[in-house]
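S.K.: This one is start_36.txt, compact mmCIF, C-alpha atoms.
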# COMPACT_ATOMS: atom_id res chain seq x y z
CA MET N 1 48.85 17.87 178.02
CA SER N 2 45.25 18.75 177.38
CA GLU N 3 46.06 19.47 173.73
CA GLN N 4 47.62 15.99 173.36
CA ALA N 5 44.53 14.34 174.88
CA ALA N 6 42.34 16.34 172.59
CA SER N 7 44.36 15.18 169.58
CA LEU N 8 43.98 11.55 170.66
CA ARG N 9 40.23 11.99 170.94
CA ALA N 10 40.04 13.56 167.52
CA PRO N 11 38.33 11.44 164.82
CA THR N 12 40.76 9.21 162.91
CA ARG N 13 38.33 8.14 160.14
CA THR N 14 39.28 10.73 157.56
CA PRO N 15 37.46 11.01 154.20
CA ALA N 16 40.33 9.19 152.51
CA PHE N 17 40.06 6.34 155.02
CA GLU N 18 36.29 6.15 154.54
CA ALA N 19 36.78 5.94 150.77
CA ARG N 20 39.31 3.12 151.10
CA LEU N 21 37.02 1.28 153.51
CA LYS N 22 34.10 1.65 151.13
CA LYS N 23 36.19 0.20 148.31
CA ARG N 24 37.18 -2.80 150.47
CA TYR N 25 33.56 -3.48 151.39
CA ALA N 26 32.56 -3.20 147.74
CA ALA N 27 35.33 -5.61 146.73
CA GLU N 28 34.16 -8.04 149.40
CA ARG N 29 30.59 -7.86 148.11
CA ARG N 30 31.78 -8.43 144.53
CA PHE N 31 33.84 -11.41 145.65
CA ARG N 32 30.88 -12.88 147.51
CA ILE N 33 28.59 -12.39 144.50
CA ALA N 34 31.21 -14.00 142.23
CA GLY N 35 31.50 -16.97 144.59
CA ILE N 36 27.72 -17.42 144.72
CA ALA N 37 27.54 -17.11 140.92
CA ALA N 38 30.27 -19.73 140.50
CA ILE N 39 28.44 -22.14 142.79
CA GLY N 40 25.16 -21.47 141.01
CA PHE N 41 26.76 -22.03 137.60
CA SER N 42 28.31 -25.31 138.80
CA ILE N 43 24.96 -26.49 140.12
CA PHE N 44 23.29 -25.50 136.84
CA VAL N 45 25.85 -27.40 134.75
CA LEU N 46 25.55 -30.47 137.00
CA ALA N 47 21.75 -30.36 136.89
CA PHE N 48 21.81 -29.91 133.08
CA LEU N 49 24.12 -32.92 132.75
CA LEU N 50 22.01 -35.12 135.01
CA VAL N 51 18.71 -34.09 133.39
CA THR N 52 20.13 -34.64 129.89
CA MET N 53 21.48 -38.06 130.83
CA ALA N 54 18.19 -38.98 132.51
CA LEU N 55 16.06 -37.93 129.52
CA ASN N 56 18.31 -39.74 127.05
CA GLY N 57 18.73 -42.72 129.34
CA ILE N 58 15.02 -43.40 129.83
CA GLY N 59 14.87 -44.96 126.38
CA GLY N 60 17.95 -47.02 127.18
CA PHE N 61 16.14 -48.76 130.01
CA GLN N 62 13.29 -49.66 127.65
CA ARG N 63 12.93 -51.78 124.54
CA ALA N 64 10.31 -52.23 121.87
CA GLU N 65 8.40 -55.47 122.41
CA LEU N 66 5.82 -57.36 120.35
CA THR N 67 2.93 -59.11 122.07
CA VAL N 68 2.78 -62.74 120.92
CA PRO N 69 0.27 -65.28 122.32
CA ILE N 70 1.45 -68.90 122.03
CA ASP N 71 -0.79 -71.92 122.59
CA PHE N 72 1.62 -74.66 123.67
CA THR N 73 -1.13 -77.30 123.67
CA GLU N 74 -1.00 -77.15 119.87
CA ALA N 75 2.78 -76.85 119.62
CA GLY N 76 3.62 -80.50 120.38
CA LEU N 77 6.48 -79.60 122.75
CA ALA N 78 7.32 -81.81 125.71
CA GLY N 79 9.53 -81.56 128.76
CA ASP N 80 9.59 -81.45 132.53
CA ARG N 81 11.74 -79.79 135.16
CA THR N 82 14.25 -82.64 135.11
CA SER N 83 14.70 -82.93 131.34
CA LEU N 84 14.86 -79.17 130.88
CA ALA N 85 17.37 -78.52 133.66
CA GLY N 86 20.76 -76.98 132.87
CA THR N 87 22.07 -76.06 129.45
CA ALA N 88 20.50 -79.16 127.89
CA GLY N 89 17.03 -77.64 128.29
CA MET N 90 17.65 -74.89 125.75
CA GLN N 91 19.11 -77.37 123.28
CA SER N 92 16.20 -79.76 123.78
CA LEU N 93 13.59 -77.08 123.07
CA GLU N 94 15.49 -75.92 120.00
CA ASN N 95 15.66 -79.48 118.67
CA GLN N 96 11.91 -79.83 119.19
CA GLY N 97 11.33 -76.81 116.95
CA LEU N 98 10.61 -74.01 119.43
CA PRO N 99 12.03 -71.29 117.09
CA GLU N 100 9.60 -72.39 114.36
CA VAL N 101 6.72 -72.54 116.88
CA VAL N 102 7.39 -68.97 118.01
CA ALA N 103 7.64 -67.78 114.39
CA PHE N 104 4.36 -69.55 113.48
CA PHE N 105 2.31 -68.03 116.31
CA ALA N 106 3.91 -64.61 115.71
CA GLU N 107 2.78 -64.74 112.10
CA GLN N 108 -0.68 -65.88 113.17
CA SER N 109 -1.19 -62.96 115.56
CA LEU N 110 0.86 -60.18 113.98
CA GLY N 111 0.85 -60.92 110.29
CA GLU N 112 3.68 -61.99 108.02
CA GLU N 113 5.29 -58.54 107.69
CA ALA N 114 5.31 -57.81 111.42
CA ALA N 115 6.40 -61.34 112.34
CA ALA N 116 9.51 -60.86 110.22
CA GLU N 117 10.49 -58.01 112.58
CA LEU N 118 10.61 -60.29 115.61
CA GLY N 119 14.08 -60.41 117.16
CA GLU N 120 16.26 -63.40 116.24
CA SER N 121 16.72 -64.41 119.88
CA ALA N 122 13.06 -64.00 120.83
CA TRP N 123 12.59 -67.76 121.01
CA ARG N 124 15.35 -67.95 123.61
CA GLU N 125 13.32 -65.79 125.97
CA VAL N 126 10.38 -68.12 125.46
CA ALA N 127 12.68 -71.07 126.15
CA GLU N 128 13.94 -69.45 129.36
CA ALA N 129 10.36 -68.96 130.53
CA ILE N 130 9.55 -72.62 129.79
CA ILE N 131 12.67 -73.83 131.61
CA ALA N 132 11.71 -71.71 134.63
CA ASP N 133 8.11 -73.01 134.54
CA PRO N 134 7.58 -76.21 132.46
CA ALA N 135 3.85 -76.02 133.24
CA LEU N 136 3.61 -73.44 130.44
CA LEU N 137 3.72 -76.32 127.96
CA GLN N 138 0.23 -77.30 129.11
CA ARG N 139 -1.52 -73.99 128.42
CA GLU N 140 -1.57 -70.81 126.37
CA ALA N 141 0.67 -67.90 127.39
CA VAL N 142 1.26 -64.37 126.17
CA PHE N 143 4.86 -63.16 125.76
CA GLU N 144 6.38 -59.72 125.30
CA LEU N 145 9.21 -60.46 122.85
CA PRO N 146 11.88 -58.08 121.50
CA ALA N 147 11.40 -56.52 118.10
CA THR N 148 14.23 -55.83 115.67
CA SER N 149 16.17 -52.59 115.95
CA ASP N 150 14.56 -51.44 112.67
CA LEU N 151 11.05 -51.77 114.08
CA ALA N 152 12.18 -50.16 117.35
CA GLY N 153 13.54 -47.23 115.33
CA GLY N 154 10.25 -46.98 113.47
CA LEU N 155 8.40 -46.79 116.79
CA SER N 156 10.69 -43.89 117.76
CA GLY N 157 9.89 -42.07 114.51
CA GLU N 158 13.08 -43.01 112.69
CA GLY N 159 13.95 -45.26 109.78
CA SER N 160 12.04 -45.80 106.55
CA PRO N 161 8.46 -44.53 106.14
CA GLU N 162 7.28 -48.12 105.66
CA MET N 163 8.78 -49.20 108.99
CA GLN N 164 7.32 -46.18 110.75
CA ALA N 165 3.91 -46.96 109.31
CA LEU N 166 4.15 -50.62 110.39
CA ALA N 167 5.24 -49.61 113.88
CA ALA N 168 2.38 -47.10 114.16
CA GLN N 169 -0.11 -49.74 113.00
CA LEU N 170 1.10 -52.31 115.51
CA ALA N 171 1.21 -49.74 118.30
CA GLU N 172 -2.37 -48.67 117.52
CA ARG N 173 -3.49 -52.31 117.83
CA GLY N 174 -1.66 -52.61 121.15
CA GLN N 175 0.76 -55.22 119.80
CA LEU N 176 3.91 -53.07 119.95
CA GLU N 177 5.02 -50.86 122.80
CA LYS N 178 8.08 -49.87 124.78
CA ASN N 179 8.39 -51.56 128.15
CA PHE N 180 10.93 -51.37 130.94
CA ASP N 181 13.70 -53.82 130.12
CA ILE N 182 14.97 -55.46 133.31
CA GLY N 183 17.15 -57.60 131.06
CA PHE N 184 19.31 -54.53 130.37
CA LEU N 185 20.75 -55.02 133.85
CA GLN N 186 21.07 -58.79 133.40
CA ARG N 187 22.44 -59.29 129.88
CA SER N 188 25.86 -58.65 128.38
CA ASP N 189 26.92 -56.91 125.18
CA ALA N 190 25.26 -57.78 121.86
CA THR N 191 25.28 -56.58 118.27
CA ASP N 192 21.55 -55.74 118.51
CA PRO N 193 20.73 -52.82 120.83
CA GLN N 194 17.46 -54.55 121.68
CA GLN N 195 19.47 -57.41 123.22
CA ALA N 196 22.40 -55.43 124.63
CA GLY N 197 22.86 -55.35 128.38
CA ILE N 198 25.19 -53.90 130.97
CA TRP N 199 25.72 -56.76 133.40
CA GLY N 200 28.88 -58.12 131.77
CA ALA N 201 30.62 -54.73 131.90
CA LEU N 202 29.29 -53.98 135.38
CA LYS N 203 30.61 -57.27 136.74
CA GLY N 204 33.93 -56.63 134.99
CA SER N 205 34.14 -53.23 136.71
CA MET N 206 33.39 -54.80 140.08
CA LEU N 207 36.07 -57.46 139.69
CA THR N 208 38.60 -54.90 138.44
CA MET N 209 37.89 -52.50 141.34
CA ILE N 210 38.22 -55.34 143.87
CA VAL N 211 41.70 -56.17 142.56
CA THR N 212 42.63 -52.48 142.51
CA LEU N 213 41.50 -51.92 146.09
CA LEU N 214 43.11 -55.08 147.46
CA LEU N 215 46.46 -54.11 145.96
CA ALA N 216 46.54 -50.32 146.19
CA PHE N 217 45.06 -49.73 149.65
CA PRO N 218 47.34 -51.87 151.87
CA ILE N 219 50.49 -51.11 149.86
CA GLY N 220 49.70 -47.39 149.79
CA VAL N 221 48.96 -47.21 153.51
CA MET N 222 52.09 -49.16 154.44
CA ALA N 223 54.22 -46.95 152.19
CA ALA N 224 52.74 -43.80 153.75
CA LEU N 225 53.36 -45.12 157.27
CA TYR N 226 56.96 -46.02 156.49
CA LEU N 227 57.80 -42.72 154.81
CA GLU N 228 56.18 -40.65 157.55
CA GLU N 229 57.07 -42.62 160.69
CA TYR N 230 60.16 -44.71 160.02
CA ALA N 231 62.10 -43.57 156.96
CA PRO N 232 65.23 -41.49 157.68
CA LYS N 233 65.21 -37.97 156.28
CA ASN N 234 67.96 -38.03 153.67
CA ARG N 235 68.46 -37.53 149.96
CA TRP N 236 67.09 -40.96 149.05
CA THR N 237 63.78 -40.40 150.79
CA ASP N 238 63.60 -36.96 149.16
CA ILE N 239 63.99 -38.61 145.76
CA ILE N 240 61.28 -41.16 146.64
CA GLU N 241 58.89 -38.42 147.75
CA LEU N 242 59.56 -36.42 144.59
CA SER N 243 58.96 -39.53 142.45
CA ILE N 244 55.64 -40.27 144.18
CA ASN N 245 54.46 -36.69 143.68
CA ASN N 246 55.41 -36.88 140.00
CA LEU N 247 53.68 -40.24 139.52
CA ALA N 248 50.42 -38.75 140.79
CA ALA N 249 50.45 -36.38 137.80
CA VAL N 250 51.53 -38.88 135.14
CA PRO N 251 48.94 -39.41 132.34
CA SER N 252 47.01 -42.61 132.89
CA ILE N 253 47.95 -44.08 129.51
CA ILE N 254 51.55 -44.34 130.73
CA PHE N 255 50.40 -46.80 133.38
CA GLY N 256 48.64 -48.71 130.61
CA LEU N 257 51.92 -48.95 128.72
CA LEU N 258 53.57 -50.18 131.92
CA GLY N 259 50.89 -52.83 132.38
CA LEU N 260 51.30 -53.87 128.74
CA ALA N 261 55.08 -54.14 129.05
CA VAL N 262 55.23 -55.84 132.45
CA PHE N 263 52.03 -57.64 133.42
CA LEU N 264 51.12 -58.98 129.98
CA THR N 265 54.71 -60.10 129.50
CA ILE N 266 54.54 -62.08 132.74
CA PHE N 267 50.93 -63.25 132.19
CA PRO N 268 50.41 -63.35 128.39
CA ASN N 269 47.30 -65.53 128.67
CA LEU N 270 45.42 -63.05 130.89
CA ARG N 271 44.95 -60.30 128.30
CA SER N 272 41.78 -58.25 129.02
CA ALA N 273 41.30 -60.04 132.37
CA PRO N 274 40.11 -58.08 135.46
CA LEU N 275 43.25 -59.26 137.27
CA ILE N 276 45.55 -57.43 134.82
CA GLY N 277 43.21 -54.43 134.67
CA GLY N 278 43.11 -54.19 138.45
CA MET N 279 46.90 -54.45 138.74
CA THR N 280 47.34 -51.68 136.15
CA LEU N 281 44.84 -49.38 137.84
CA ALA N 282 46.43 -50.13 141.22
CA LEU N 283 49.69 -48.66 139.93
CA MET N 284 47.83 -45.51 138.94
CA THR N 285 45.97 -45.24 142.26
CA LEU N 286 48.95 -45.90 144.55
CA PRO N 287 50.51 -42.39 144.44
CA VAL N 288 47.20 -40.73 145.37
CA ILE N 289 46.73 -43.03 148.36
CA VAL N 290 50.34 -42.56 149.50
CA ILE N 291 50.15 -38.76 149.33
CA SER N 292 46.79 -38.52 151.09
CA GLY N 293 47.91 -41.11 153.63
CA ARG N 294 51.06 -39.16 154.49
CA ASN N 295 49.08 -35.94 154.91
CA ALA N 296 46.55 -37.68 157.15
CA ILE N 297 49.29 -39.25 159.29
CA LYS N 298 51.10 -35.91 159.53
CA ALA N 299 47.88 -34.26 160.75
CA VAL N 300 47.71 -36.47 163.87
CA PRO N 301 48.89 -34.26 166.81
CA PRO N 302 52.31 -35.13 168.26
CA SER N 303 50.70 -35.21 171.70
CA ILE N 304 48.97 -38.48 170.71
CA ARG N 305 52.35 -40.10 170.08
CA ASP N 306 53.92 -38.58 173.20
CA GLY N 307 51.04 -39.67 175.40
CA ALA N 308 51.12 -43.23 174.09
CA LEU N 309 54.88 -43.48 174.62
CA ALA N 310 54.50 -42.03 178.11
CA ILE N 311 52.18 -44.82 179.24
CA GLY N 312 54.56 -47.51 177.95
CA ALA N 313 53.39 -48.24 174.39
CA SER N 314 56.05 -49.47 171.99
CA PRO N 315 56.75 -47.43 168.82
CA ILE N 316 54.88 -49.92 166.65
CA GLN N 317 51.90 -49.87 169.04
CA VAL N 318 51.90 -46.08 168.85
CA VAL N 319 51.67 -46.26 165.08
CA PHE N 320 49.09 -49.04 164.68
CA HIS N 321 46.97 -48.49 167.82
CA HIS N 322 46.88 -44.68 167.91
CA VAL N 323 48.23 -42.91 164.83
CA LEU N 324 46.74 -45.12 162.10
CA PRO N 325 43.16 -45.24 163.53
CA LEU N 326 43.13 -41.44 163.82
CA ALA N 327 44.54 -41.00 160.31
CA LEU N 328 42.23 -43.58 158.72
CA PRO N 329 39.40 -41.13 157.80
CA GLY N 330 41.85 -38.97 155.84
CA ILE N 331 43.38 -42.05 154.22
CA LEU N 332 39.92 -43.24 153.16
CA THR N 333 39.24 -39.83 151.62
CA GLY N 334 42.31 -40.23 149.42
CA THR N 335 41.27 -43.78 148.60
CA ILE N 336 37.84 -42.54 147.50
CA ILE N 337 39.45 -40.05 145.12
CA GLY N 338 41.85 -42.62 143.71
CA MET N 339 39.21 -45.33 143.23
CA ALA N 340 36.77 -42.88 141.63
CA ARG N 341 39.47 -41.90 139.14
CA ALA N 342 40.29 -45.55 138.45
CA LEU N 343 36.61 -46.42 137.92
CA GLY N 344 36.28 -43.91 135.08
CA GLU N 345 39.53 -44.73 133.27
CA THR N 346 39.63 -46.16 129.77
CA ALA N 347 43.08 -45.24 128.40
CA PRO N 348 45.18 -47.69 130.48
CA LEU N 349 42.65 -50.46 129.90
CA LEU N 350 42.79 -49.90 126.15
CA MET N 351 46.49 -50.74 126.27
CA ILE N 352 45.92 -54.12 127.97
CA GLY N 353 43.18 -55.23 125.61
CA MET N 354 39.96 -54.63 127.57
CA ARG N 355 38.38 -53.11 124.46
CA VAL N 356 36.69 -56.40 123.64
CA PHE N 357 33.24 -57.65 122.73
CA VAL N 358 32.17 -59.75 125.73
CA ALA N 359 28.93 -61.65 125.10
CA SER N 360 28.86 -63.30 128.56
CA PRO N 361 29.78 -62.01 132.03
CA PRO N 362 33.28 -62.88 133.32
CA GLU N 363 33.29 -65.89 135.61
CA ASP N 364 36.34 -64.92 137.68
CA PHE N 365 39.32 -62.59 137.84
CA THR N 366 41.07 -64.33 134.94
CA SER N 367 38.19 -64.36 132.43
CA ALA N 368 38.02 -61.99 129.47
CA ALA N 369 36.10 -58.89 130.50
CA THR N 370 35.42 -55.25 129.80
CA VAL N 371 34.43 -52.41 132.13
CA LEU N 372 31.64 -49.86 132.17
CA PRO N 373 33.62 -46.88 130.79
CA MET N 374 34.92 -49.06 127.98
CA GLN N 375 31.41 -50.35 127.23
CA ILE N 376 30.16 -46.77 127.06
CA PHE N 377 33.04 -45.90 124.72
CA LEU N 378 32.22 -48.82 122.42
CA TRP N 379 28.50 -48.08 122.29
CA SER N 380 29.05 -44.36 121.68
CA ASP N 381 30.86 -45.29 118.46
CA GLU N 382 27.76 -47.03 117.07
CA ILE N 383 25.47 -45.18 114.67
CA ASP N 384 22.27 -47.02 115.68
CA ARG N 385 20.04 -44.79 117.81
CA GLY N 386 19.30 -47.76 120.03
CA PHE N 387 22.93 -47.80 121.10
CA VAL N 388 22.82 -44.03 121.73
CA GLU N 389 20.04 -44.61 124.25
CA ARG N 390 21.88 -47.59 125.74
CA THR N 391 24.97 -45.38 126.11
CA SER N 392 23.05 -42.83 128.18
CA ALA N 393 21.55 -45.59 130.30
CA ALA N 394 25.02 -47.08 130.85
CA ILE N 395 26.30 -43.67 131.97
CA ILE N 396 23.50 -43.53 134.55
CA VAL N 397 24.47 -47.00 135.79
CA LEU N 398 28.12 -45.89 136.02
CA LEU N 399 27.16 -42.80 138.03
CA LEU N 400 25.02 -44.88 140.37
CA PHE N 401 27.84 -47.42 140.79
CA LEU N 402 30.23 -44.57 141.61
CA LEU N 403 27.70 -43.11 144.05
CA VAL N 404 27.29 -46.43 145.85
CA MET N 405 31.04 -46.98 146.03
CA ASN N 406 31.69 -43.48 147.35
CA GLY N 407 28.77 -43.73 149.77
CA LEU N 408 30.23 -46.91 151.24
CA ALA N 409 33.65 -45.29 151.58
CA ILE N 410 32.16 -42.19 153.24
CA TYR N 411 30.24 -44.41 155.66
CA LEU N 412 33.43 -46.24 156.60
CA ARG N 413 35.29 -42.94 156.95
CA ASN N 414 32.66 -41.53 159.30
CA LYS N 415 32.54 -44.77 161.25
CA PHE N 416 36.26 -44.72 161.96
CA GLU N 417 36.48 -40.97 162.51
CA LYS N 418 37.57 -39.99 166.02
CA LYS N 419 37.78 -36.66 167.76
CA TRP N 420 40.58 -35.40 169.92
Please express what this file holds, its structure, as structure tokens.

M.R.:
Amino acid sequence: MSEQAASLRAPTRTPAFEARLKKRYAAERRFRIAGIAAIGFSIFVLAFLLVTMALNGIGGFQRAELTVPIDFTEAGLAGDRTSLAGTAGMQSLENQGLPEVVAFFAEQSLGEEAAAELGESAWREVAEAIIADPALLQREAVFELPATSDLAGGLSGEGSPEMQALAAQLAERGQLEKNFDIGFLQRSDATDPQQAGIWGALKGSMLTMIVTLLLAFPIGVMAALYLEEYAPKNRWTDIIELSINNLAAVPSIIFGLLGLAVFLTIFPNLRSAPLIGGMTLALMTLPVIVISGRNAIKAVPPSIRDGALAIGASPIQVVFHHVLPLALPGILTGTIIGMARALGETAPLLMIGMRVFVASPPEDFTSAATVLPMQIFLWSDEIDRGFVERTSAAIIVLLLFLLVMNGLAIYLRNKFEKKW
């Protein structure tokens, strides 16, 4: 008996065991180092992307502007707040010769060669300032007006040597400089990068996402509730579940073809409208919301259902008063993923005609519109450096829009989150 006790007290960590244990600890350390390296590499790539976009996008939020003083007391223009109100004000100032007045004073202050590089729509900005404050017609005012893309390129060190020399001369005199362009966030697309803006595409994205959310979220949640709580478990529901899982992995352009074949056949006059775009993206987003919704509903403990039934709640009250509120945070997480994917899509929207030049923001859900990813795609195809900078700036706006949208969804998810 004493020999057996002695054998039990004998050391069990043999040299072979110690070697195997050492190898396991070394493998664990290697795995931890690899995980840290992967995270560090991901952070580096993300930081590199953001820094590159920020450096390239700074120029996109600026434009080259010429300083032009205009003495309206010598211009012979007339008008008051009443006569210049509405769209008639711009026409009235044009008929009175405002474009010629702006060209004359530009030539007086800048010289004939530099005045020729004033943007074609520069007088419109002067007109907008007069319409906003008709008292300008009674005094002299100094305006920062857009230069042509050629002169802007010369200021950036590109283009012909003559244009670079002219830009350097004007910049040295303080008559040409790059300023922050708030109009980039207020204007729509244009053929001149100096006049191009992002508001038309941004508004189109907003309208399209509203339609997508209003269609995909309630339908997806109701489908998830039915499949998880009410649908009988048979071969038909198995086929439906398999189809939903397959649809989540279908290439997005297929949904564009579906929108082209169905929605544009039913509504042929709404080509490139946010309504059609939102309906097409809703089809693409639905499977993601249904799958995440089912998983969130399945994660609610059965004790919640049993407790509600035990105190007299009806089956529908159990679902809508207890199960759905507890599953809502998980459902919102799936919605965030689906909407983020929809926001960055271009392929399905190409199929329904949203690759259009939109010079004015869409007025409603049925107006012709484009979206931010499509605007970025169109600008990236231009060879003018001004559009390259605008493309980077548009990407920054898209990322910020996505951040705001996701931040709002996360706030709602945390607000509705409950513990049990």

S.K.: Return the single residue from N:Gly97, N:Arg29, N:Leu225, N:Asn406 that is closest to Ile316 of chain N, with distances computed using all atoms listed in the file.

M.R.: N:Leu225

S.K.: List the neighbours of Leu328 of chain N out to 9 Å using all atoms listed in the file; skip same-chain residues closer than 3 positions along the sequence, and give me the result as a PyMOL selection string.

M.R.: chain N and resi 293+296-297+323-325+331-333+413+416-417

S.K.: Which residues are close to Glu113 of chain N, i.e. within 12 Å by all atoms listed in the file, leaving aside same-chain residues fewer than 2 positions away? Reply as an MDAnalysis selection string.

M.R.: chainID N and resid 103 106:111 115:118 151 162:163 165:167 169:170

S.K.: Using all atoms listed in the file, which residues sit within 9 Å of segment 282-285 of chain N once same-chain residues fewer than 5 positions away are excluded, as an MDAnalysis selection string?

M.R.: chainID N and resid 209 211:217 220 247:248 250 252 255:256 259 277 290 335 337:339 341:342

S.K.: Can you write just those residues out, C-alpha atoms, as a PDB file, in the frame of the given file?

M.R.:
ATOM      1  CA  MET N 209      37.890 -52.500 141.340  1.00  0.00           C
ATOM      2  CA  VAL N 211      41.700 -56.170 142.560  1.00  0.00           C
ATOM      3  CA  THR N 212      42.630 -52.480 142.510  1.00  0.00           C
ATOM      4  CA  LEU N 213      41.500 -51.920 146.090  1.00  0.00           C
ATOM      5  CA  LEU N 214      43.110 -55.080 147.460  1.00  0.00           C
ATOM      6  CA  LEU N 215      46.460 -54.110 145.960  1.00  0.00           C
ATOM      7  CA  ALA N 216      46.540 -50.320 146.190  1.00  0.00           C
ATOM      8  CA  PHE N 217      45.060 -49.730 149.650  1.00  0.00           C
ATOM      9  CA  GLY N 220      49.700 -47.390 149.790  1.00  0.00           C
ATOM     10  CA  LEU N 247      53.680 -40.240 139.520  1.00  0.00           C
ATOM     11  CA  ALA N 248      50.420 -38.750 140.790  1.00  0.00           C
ATOM     12  CA  VAL N 250      51.530 -38.880 135.140  1.00  0.00           C
ATOM     13  CA  SER N 252      47.010 -42.610 132.890  1.00  0.00           C
ATOM     14  CA  PHE N 255      50.400 -46.800 133.380  1.00  0.00           C
ATOM     15  CA  GLY N 256      48.640 -48.710 130.610  1.00  0.00           C
ATOM     16  CA  GLY N 259      50.890 -52.830 132.380  1.00  0.00           C
ATOM     17  CA  GLY N 277      43.210 -54.430 134.670  1.00  0.00           C
ATOM     18  CA  VAL N 290      50.340 -42.560 149.500  1.00  0.00           C
ATOM     19  CA  THR N 335      41.270 -43.780 148.600  1.00  0.00           C
ATOM     20  CA  ILE N 337      39.450 -40.050 145.120  1.00  0.00           C
ATOM     21  CA  GLY N 338      41.850 -42.620 143.710  1.00  0.00           C
ATOM     22  CA  MET N 339      39.210 -45.330 143.230  1.00  0.00           C
ATOM     23  CA  ARG N 341      39.470 -41.900 139.140  1.00  0.00           C
ATOM     24  CA  ALA N 342      40.290 -45.550 138.450  1.00  0.00           C
TER      25      ALA N 342
END

S.K.: Counting only C-alpha atoms, which of N:Glu382, N:Glu363, N:Asp306, N:Glu389 gets nearest to Thr191 of chain N?

M.R.: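 So, comparing all the options, the nearest one is N:Glu382.
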
S.K.: Might you pull out every residue within 6 Å of segment 136-147 of chain N, with all atoms listed in the file counted and same-chain residues fewer than 3 positions away left off, and present them as a list in words?

M.R.: Ala64, Glu65, Leu66, Thr67, Val68, Pro69, Ile70, Asp71, Phe72, Thr73, Glu117, Leu118, Gly119 and Ala122 of chain N

S.K.: How many Å separate atom CA of Arg385 of chain N from atom CA of Ala168 of chain N?

M.R.: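 Answer for the atom CA of Arg385 of chain N to atom CA of Ala168 of chain N separation: 18.2 Å.
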
S.K.: Could you please determine the separation between atom CA of Trp123 of chain N and atom CA of Arg81 of chain N in Å, to one decimal place?

M.R.: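 These atoms are spaced 18.6 Å apart.
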
S.K.: When you draw a straight line from atom CA of Gly353 of chain N to atom CA of Ser149 of chain N, how long is it in Å?

M.R.: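 Interatomic distance here is 28.8 Å.
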
S.K.: Which neighbours of Thr208 of chain N fall inside 7 Å, counting all atoms listed in the file, when residues of the same chain fewer than 6 positions from it are skipped, and could you give them as number ranges by chain?

M.R.: N: 274-275, 277-278

S.K.: List as a list in words: which residues have an atom within 12 Å of (13.6, -41.8, 134.9), counting all atoms listed in the file?

M.R.: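 Protein, DNA and RNA residues close to (13.6, -41.8, 134.9): Leu50, Val51, Thr52, Met53, Ala54, Leu55, Asn56, Gly57, Ile58, Gly59, Gly60, Phe61, Gln62, Phe180, Ser392, Ala393 and Ile396 of chain N.
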
S.K.: For Phe267 of chain N, which of N:Thr366, N:Ile336, N:Asn295, N:Leu400 is the closest residue, counting all atoms listed in the file?

M.R.: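 Of all the options, N:Thr366 lies closest to Phe267 of chain N.
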
S.K.: For a quick check of understanding, using only C-alpha atoms, which of N:Met354, N:Glu229, N:Ile254, N:Asp181 has the smallest distance to Arg305 of chain N?

M.R.: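 Closest to Arg305 of chain N, using only C-alpha atoms: N:Glu229.
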
S.K.: Would you mind telling me which residue in N:Leu46, N:Ala308, N:Leu326, N:Ile352 lies nearest to Phe263 of chain N when using only C-alpha atoms?

M.R.: N:Ile352

S.K.: With all atoms listed in the file as the atoms that count, which of N:Leu98, N:Ala273, N:Ile182, N:Ile210 lies nearest to Pro361 of chain N?

M.R.: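 Selected residue with least distance to Pro361 of chain N: N:Ala273.
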
S.K.: Reconstruct N, CA and C atoms of segment 224-232 of chain N from the incomplete input and present them as a CSV table (one decimal), keeping the file's coordinate frame.

M.R.:
chain,number,residue,atom,x,y,z
N,224,ALA,N,52.9,-45.1,153.1
N,224,ALA,CA,52.7,-43.8,153.8
N,224,ALA,C,53.2,-43.9,155.2
N,225,LEU,N,52.9,-45.0,155.9
N,225,LEU,CA,53.4,-45.1,157.3
N,225,LEU,C,54.9,-45.2,157.3
N,226,TYR,N,55.5,-45.9,156.4
N,226,TYR,CA,57.0,-46.0,156.5
N,226,TYR,C,57.6,-44.7,156.2
N,227,LEU,N,57.2,-44.0,155.2
N,227,LEU,CA,57.8,-42.7,154.8
N,227,LEU,C,57.6,-41.7,155.9
N,228,GLU,N,56.5,-41.7,156.6
N,228,GLU,CA,56.2,-40.6,157.6
N,228,GLU,C,56.7,-41.0,158.9
N,229,GLU,N,56.7,-42.3,159.3
N,229,GLU,CA,57.1,-42.6,160.7
N,229,GLU,C,58.4,-43.3,160.8
N,230,TYR,N,58.9,-43.9,159.8
N,230,TYR,CA,60.2,-44.7,160.0
N,230,TYR,C,61.3,-44.3,159.1
N,231,ALA,N,61.0,-43.8,157.9
N,231,ALA,CA,62.1,-43.6,157.0
N,231,ALA,C,63.0,-42.4,157.4
N,232,PRO,N,64.3,-42.6,157.3
N,232,PRO,CA,65.2,-41.5,157.7
N,232,PRO,C,65.1,-40.3,156.7
